[in-house]
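Shown next: my_file.pdb, containing PDB, C-alpha atoms.
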ATOM      1  CA  MET I  22      37.186  93.396 167.389  1.00  0.00           C
ATOM      2  CA  LYS I  23      35.966  93.352 163.802  1.00  0.00           C
ATOM      3  CA  LEU I  24      34.258  96.546 162.665  1.00  0.00           C
ATOM      4  CA  LEU I  25      31.119  95.817 160.695  1.00  0.00           C
ATOM      5  CA  ILE I  26      29.531  97.636 157.761  1.00  0.00           C
ATOM      6  CA  PRO I  27      25.756  97.933 158.263  1.00  0.00           C
ATOM      7  CA  ASP I  28      23.695  95.625 156.075  1.00  0.00           C
ATOM      8  CA  MET I  29      22.112  97.218 153.005  1.00  0.00           C
ATOM      9  CA  GLN I  30      18.720  95.658 153.794  1.00  0.00           C
ATOM     10  CA  LEU I  31      18.675  97.468 157.153  1.00  0.00           C
ATOM     11  CA  VAL I  32      18.958 100.816 155.337  1.00  0.00           C
ATOM     12  CA  ILE I  33      16.305  99.866 152.770  1.00  0.00           C
ATOM     13  CA  ASP I  34      13.886  98.834 155.521  1.00  0.00           C
ATOM     14  CA  LYS I  35      14.496 102.030 157.550  1.00  0.00           C
ATOM     15  CA  ILE I  36      13.951 104.336 154.563  1.00  0.00           C
ATOM     16  CA  ALA I  37      10.876 102.400 153.413  1.00  0.00           C
ATOM     17  CA  LYS I  38       9.370 102.689 156.902  1.00  0.00           C
ATOM     18  CA  LYS I  39      10.286 106.362 157.340  1.00  0.00           C
ATOM     19  CA  TYR I  40       8.770 107.326 153.975  1.00  0.00           C
ATOM     20  CA  ASN I  41       5.908 104.804 154.130  1.00  0.00           C
ATOM     21  CA  CYS I  42       6.724 103.240 150.773  1.00  0.00           C
ATOM     22  CA  SER I  43       8.066 100.116 149.138  1.00  0.00           C
ATOM     23  CA  LEU I  44      11.534 100.282 147.605  1.00  0.00           C
ATOM     24  CA  PHE I  45      12.574  98.329 144.550  1.00  0.00           C
ATOM     25  CA  SER I  46      15.993  97.711 143.055  1.00  0.00           C
ATOM     26  CA  ILE I  47      16.953  99.824 140.049  1.00  0.00           C
ATOM     27  CA  MET I  48      17.948  97.474 137.240  1.00  0.00           C
ATOM     28  CA  ARG I  49      21.729  96.982 136.940  1.00  0.00           C
ATOM     29  CA  LYS I  50      22.358  99.261 139.955  1.00  0.00           C
ATOM     30  CA  LYS I  51      23.262  97.106 142.983  1.00  0.00           C
ATOM     31  CA  ILE I  52      23.129  99.928 145.528  1.00  0.00           C
ATOM     32  CA  MET I  53      20.225 101.974 144.127  1.00  0.00           C
ATOM     33  CA  PHE I  54      16.519 101.695 144.879  1.00  0.00           C
ATOM     34  CA  HIS I  55      13.370 103.597 143.987  1.00  0.00           C
ATOM     35  CA  GLY I  56       9.841 104.019 145.271  1.00  0.00           C
ATOM     36  CA  VAL I  57       6.981 106.488 145.624  1.00  0.00           C
ATOM     37  CA  SER I  58       6.233 108.306 148.886  1.00  0.00           C
ATOM     38  CA  ASN I  59       3.054 110.431 149.039  1.00  0.00           C
ATOM     39  CA  GLY I  60       3.120 110.813 145.251  1.00  0.00           C
ATOM     40  CA  LYS I  61       6.803 111.823 145.196  1.00  0.00           C
ATOM     41  CA  LYS I  62       9.535 109.836 143.455  1.00  0.00           C
ATOM     42  CA  LEU I  63      12.134 108.618 145.971  1.00  0.00           C
ATOM     43  CA  VAL I  64      15.593 107.336 145.033  1.00  0.00           C
ATOM     44  CA  LEU I  65      17.993 105.787 147.544  1.00  0.00           C
ATOM     45  CA  CYS I  66      21.696 105.176 146.901  1.00  0.00           C
ATOM     46  CA  THR I  67      23.477 103.235 149.650  1.00  0.00           C
ATOM     47  CA  PRO I  68      27.216 102.745 149.037  1.00  0.00           C
ATOM     48  CA  GLU I  69      29.524 101.195 151.630  1.00  0.00           C
ATOM     49  CA  SER I  70      33.113 101.784 152.668  1.00  0.00           C
ATOM     50  CA  LYS I  71      35.726 100.393 154.985  1.00  0.00           C
ATOM     51  CA  LEU I  72      37.697 102.770 157.179  1.00  0.00           C
ATOM     52  CA  HIS I  73      41.115 103.520 155.751  1.00  0.00           C
ATOM     53  CA  VAL I  74      44.348 104.089 157.650  1.00  0.00           C
ATOM     54  CA  ILE I  75      44.076 107.871 157.519  1.00  0.00           C
ATOM     55  CA  GLY I  76      40.737 107.764 159.312  1.00  0.00           C
ATOM     56  CA  HIS I  77      38.083 108.055 156.639  1.00  0.00           C
ATOM     57  CA  GLY I  78      36.066 105.969 154.247  1.00  0.00           C
ATOM     58  CA  TRP I  79      35.541 106.699 150.572  1.00  0.00           C
ATOM     59  CA  PHE I  80      33.367 105.700 147.658  1.00  0.00           C
ATOM     60  CA  ASP I  81      32.851 106.727 144.062  1.00  0.00           C
ATOM     61  CA  LEU I  82      29.575 108.178 142.844  1.00  0.00           C
ATOM     62  CA  THR I  83      29.089 107.831 139.084  1.00  0.00           C
ATOM     63  CA  THR I  84      27.466 110.475 136.936  1.00  0.00           C
ATOM     64  CA  LYS I  85      24.704 107.949 136.129  1.00  0.00           C
ATOM     65  CA  GLN I  86      23.978 107.434 139.845  1.00  0.00           C
ATOM     66  CA  ALA I  87      23.906 111.220 140.321  1.00  0.00           C
ATOM     67  CA  GLU I  88      21.472 111.583 137.391  1.00  0.00           C
ATOM     68  CA  LEU I  89      19.115 109.009 138.939  1.00  0.00           C
ATOM     69  CA  LEU I  90      19.252 110.893 142.250  1.00  0.00           C
ATOM     70  CA  ASP I  91      18.779 114.238 140.455  1.00  0.00           C
ATOM     71  CA  ASP I  92      15.575 112.964 138.811  1.00  0.00           C
ATOM     72  CA  ALA I  93      13.988 112.144 142.184  1.00  0.00           C
ATOM     73  CA  ASP I  94      11.817 114.393 144.315  1.00  0.00           C
ATOM     74  CA  ILE I  95      13.382 112.774 147.413  1.00  0.00           C
ATOM     75  CA  ALA I  96      17.033 111.821 146.903  1.00  0.00           C
ATOM     76  CA  ILE I  97      18.797 110.019 149.738  1.00  0.00           C
ATOM     77  CA  LEU I  98      22.428 109.008 149.949  1.00  0.00           C
ATOM     78  CA  ALA I  99      22.822 106.549 152.843  1.00  0.00           C
ATOM     79  CA  VAL I 100      26.517 105.764 153.198  1.00  0.00           C
ATOM     80  CA  ARG I 101      27.260 102.604 155.191  1.00  0.00           C
ATOM     81  CA  LEU I 102      30.634 102.893 156.899  1.00  0.00           C
ATOM     82  CA  GLU I 103      32.689 100.344 158.773  1.00  0.00           C
ATOM     83  CA  GLY I 104      32.076 100.680 162.510  1.00  0.00           C
ATOM     84  CA  ASN I 105      28.302 100.174 162.160  1.00  0.00           C
ATOM     85  CA  LYS I 106      27.718 103.766 161.013  1.00  0.00           C
ATOM     86  CA  ILE I 107      25.176 105.029 158.511  1.00  0.00           C
ATOM     87  CA  TYR I 108      25.355 108.587 157.191  1.00  0.00           C
ATOM     88  CA  TYR I 109      21.988 109.771 155.830  1.00  0.00           C
ATOM     89  CA  VAL I 110      22.424 112.670 153.407  1.00  0.00           C
ATOM     90  CA  ASP I 111      19.932 114.768 151.459  1.00  0.00           C
ATOM     91  CA  PHE I 112      21.543 114.380 148.038  1.00  0.00           C
ATOM     92  CA  LYS I 113      19.985 117.627 146.754  1.00  0.00           C
ATOM     93  CA  GLU I 114      22.084 119.522 149.335  1.00  0.00           C
ATOM     94  CA  LEU I 115      25.284 117.548 148.749  1.00  0.00           C
ATOM     95  CA  ARG I 116      24.834 117.955 144.981  1.00  0.00           C
ATOM     96  CA  LYS I 117      25.850 121.623 145.242  1.00  0.00           C
ATOM     97  CA  LEU I 118      29.351 120.547 146.347  1.00  0.00           C
ATOM     98  CA  ILE I 119      29.564 117.738 143.808  1.00  0.00           C
ATOM     99  CA  SER I 120      28.694 120.069 140.933  1.00  0.00           C
ATOM    100  CA  ALA I 121      31.672 122.277 141.837  1.00  0.00           C
ATOM    101  CA  ALA I 122      34.142 119.356 141.609  1.00  0.00           C
ATOM    102  CA  LYS I 123      35.531 117.810 138.439  1.00  0.00           C
ATOM    103  CA  THR I 124      34.680 114.228 137.643  1.00  0.00           C
ATOM    104  CA  LEU I 125      37.373 111.566 137.564  1.00  0.00           C
ATOM    105  CA  ASN I 126      37.704 109.279 134.591  1.00  0.00           C
ATOM    106  CA  TYR I 127      39.830 106.258 135.477  1.00  0.00           C
ATOM    107  CA  SER I 128      37.436 103.587 134.202  1.00  0.00           C
ATOM    108  CA  SER I 129      34.509 103.429 131.812  1.00  0.00           C
ATOM    109  CA  ASP I 130      32.374 105.740 134.010  1.00  0.00           C
ATOM    110  CA  GLU I 131      32.900 109.348 134.967  1.00  0.00           C
ATOM    111  CA  LYS I 132      32.624 109.691 138.729  1.00  0.00           C
ATOM    112  CA  TRP I 133      33.350 111.718 141.814  1.00  0.00           C
ATOM    113  CA  ARG I 134      35.312 110.418 144.791  1.00  0.00           C
ATOM    114  CA  LEU I 135      33.671 111.215 148.131  1.00  0.00           C
ATOM    115  CA  TYR I 136      35.471 110.946 151.462  1.00  0.00           C
ATOM    116  CA  ILE I 137      33.519 110.249 154.667  1.00  0.00           C
ATOM    117  CA  TRP I 138      35.136 111.584 157.816  1.00  0.00           C
ATOM    118  CA  ARG I 139      33.789 111.310 161.359  1.00  0.00           C
ATOM    119  CA  ASN I 140      31.314 114.192 161.026  1.00  0.00           C
ATOM    120  CA  TYR I 141      31.608 115.523 157.479  1.00  0.00           C
ATOM    121  CA  ILE I 142      31.986 114.547 153.825  1.00  0.00           C
ATOM    122  CA  THR I 143      34.348 116.069 151.257  1.00  0.00           C
ATOM    123  CA  ILE I 144      34.641 115.546 147.518  1.00  0.00           C
ATOM    124  CA  ARG I 145      37.971 115.183 145.734  1.00  0.00           C
ATOM    125  CA  GLY I 146      38.569 118.555 144.097  1.00  0.00           C
ATOM    126  CA  ASN I 147      36.364 120.460 146.569  1.00  0.00           C
ATOM    127  CA  ASP I 148      37.622 120.712 150.149  1.00  0.00           C
ATOM    128  CA  THR I 149      34.393 122.241 151.463  1.00  0.00           C
ATOM    129  CA  LYS I 150      33.165 120.187 154.411  1.00  0.00           C
ATOM    130  CA  PHE I 151      29.574 118.937 154.233  1.00  0.00           C
ATOM    131  CA  PRO I 152      28.534 118.371 157.867  1.00  0.00           C
ATOM    132  CA  VAL I 153      26.838 115.074 158.671  1.00  0.00           C
ATOM    133  CA  ASP I 154      26.520 112.933 161.783  1.00  0.00           C
ATOM    134  CA  PRO I 155      26.287 109.167 161.569  1.00  0.00           C
ATOM    135  CA  GLU I 156      23.656 106.934 163.042  1.00  0.00           C
ATOM    136  CA  ILE I 157      25.473 104.217 164.953  1.00  0.00           C
ATOM    137  CA  ILE I 158      23.815 100.825 164.703  1.00  0.00           C
ATOM    138  CA  VAL I 159      23.898  98.889 167.957  1.00  0.00           C
ATOM    139  CA  THR I 160      23.982  95.127 167.413  1.00  0.00           C
TER     140      THR I 160
END

Entire entry expressed as structure tokens:
Amino acid sequence: MKLLIPDMQLVIDKIAKKYNCSLFSIMRKKIMFHGVSNGKKLVLCTPESKLHVIGHGWFDLTTKQAELLDDADIAILAVRLEGNKIYYVDFKELRKLISAAKTLNYSSDEKWRLYIWRNYITIRGNDTKFPVDPEIIVT
């Protein structure tokens, strides 16, 4: 059985409905969207990951993506993981862990590597577990 990664449009539609707003793509940022909900600036970042052999997914979050999320009143990280799972995270809370970890610099962008386990997230360089439960999409 092939494990699917939830479609990005599904996440966009759910967040737009929940916050009663329209979301628009941020120029040159394939996984980032913005909108206004009740006068508040909302930014959504929705990376995806396959499951890796050791039982987790991972993605990189660039400093530029973090800055866009930092500038929002409502900052949502919605990680789409193989197995039809979506992890919705209040980025303002997760940011506390990210700030304590060093950035990696193995390409043109500085970034953090985040690991998604079954019910928590960790950041390379900070082993503190950020608890989160996935929403499982039934198809």

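Atom CA of I:Trp138 is found 15.2 Å from atom CA of I:Leu98.
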
Close residues, I:Asn147 itself excluded, 9 Å, only C-alpha atoms, min 4 positions apart in chain, as a VMD selection string: chain I and resid 118 to 119 121 to 123 143

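Among the candidates I:Asn105, I:Thr124, I:Asn140, I:Ser46, the one nearest to I:Val64 when counting only C-alpha atoms is I:Ser46.
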
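Between atom CA of I:Leu135 and atom CA of I:Glu69 the separation is 11.4 Å.
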
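With distances taken over only C-alpha atoms, I:Phe45 is the one residue among I:Tyr108, I:Phe45, I:Tyr141, I:Trp79 lying closest to I:Leu63.
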
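With all atoms listed in the file as the basis for measurement, I:Arg101 is the residue among I:Lys50, I:His55, I:Arg101, I:Lys39 that approaches I:Pro68 most closely.
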
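Atom CA of I:Met29 sits 16.5 Å away from atom CA of I:Gly78.
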
Selection result of the PyMOL selection byres ((chain I and resi 110) around 7) on this file, as a ChimeraX atom specification: /I:97-99,108-109,111-112
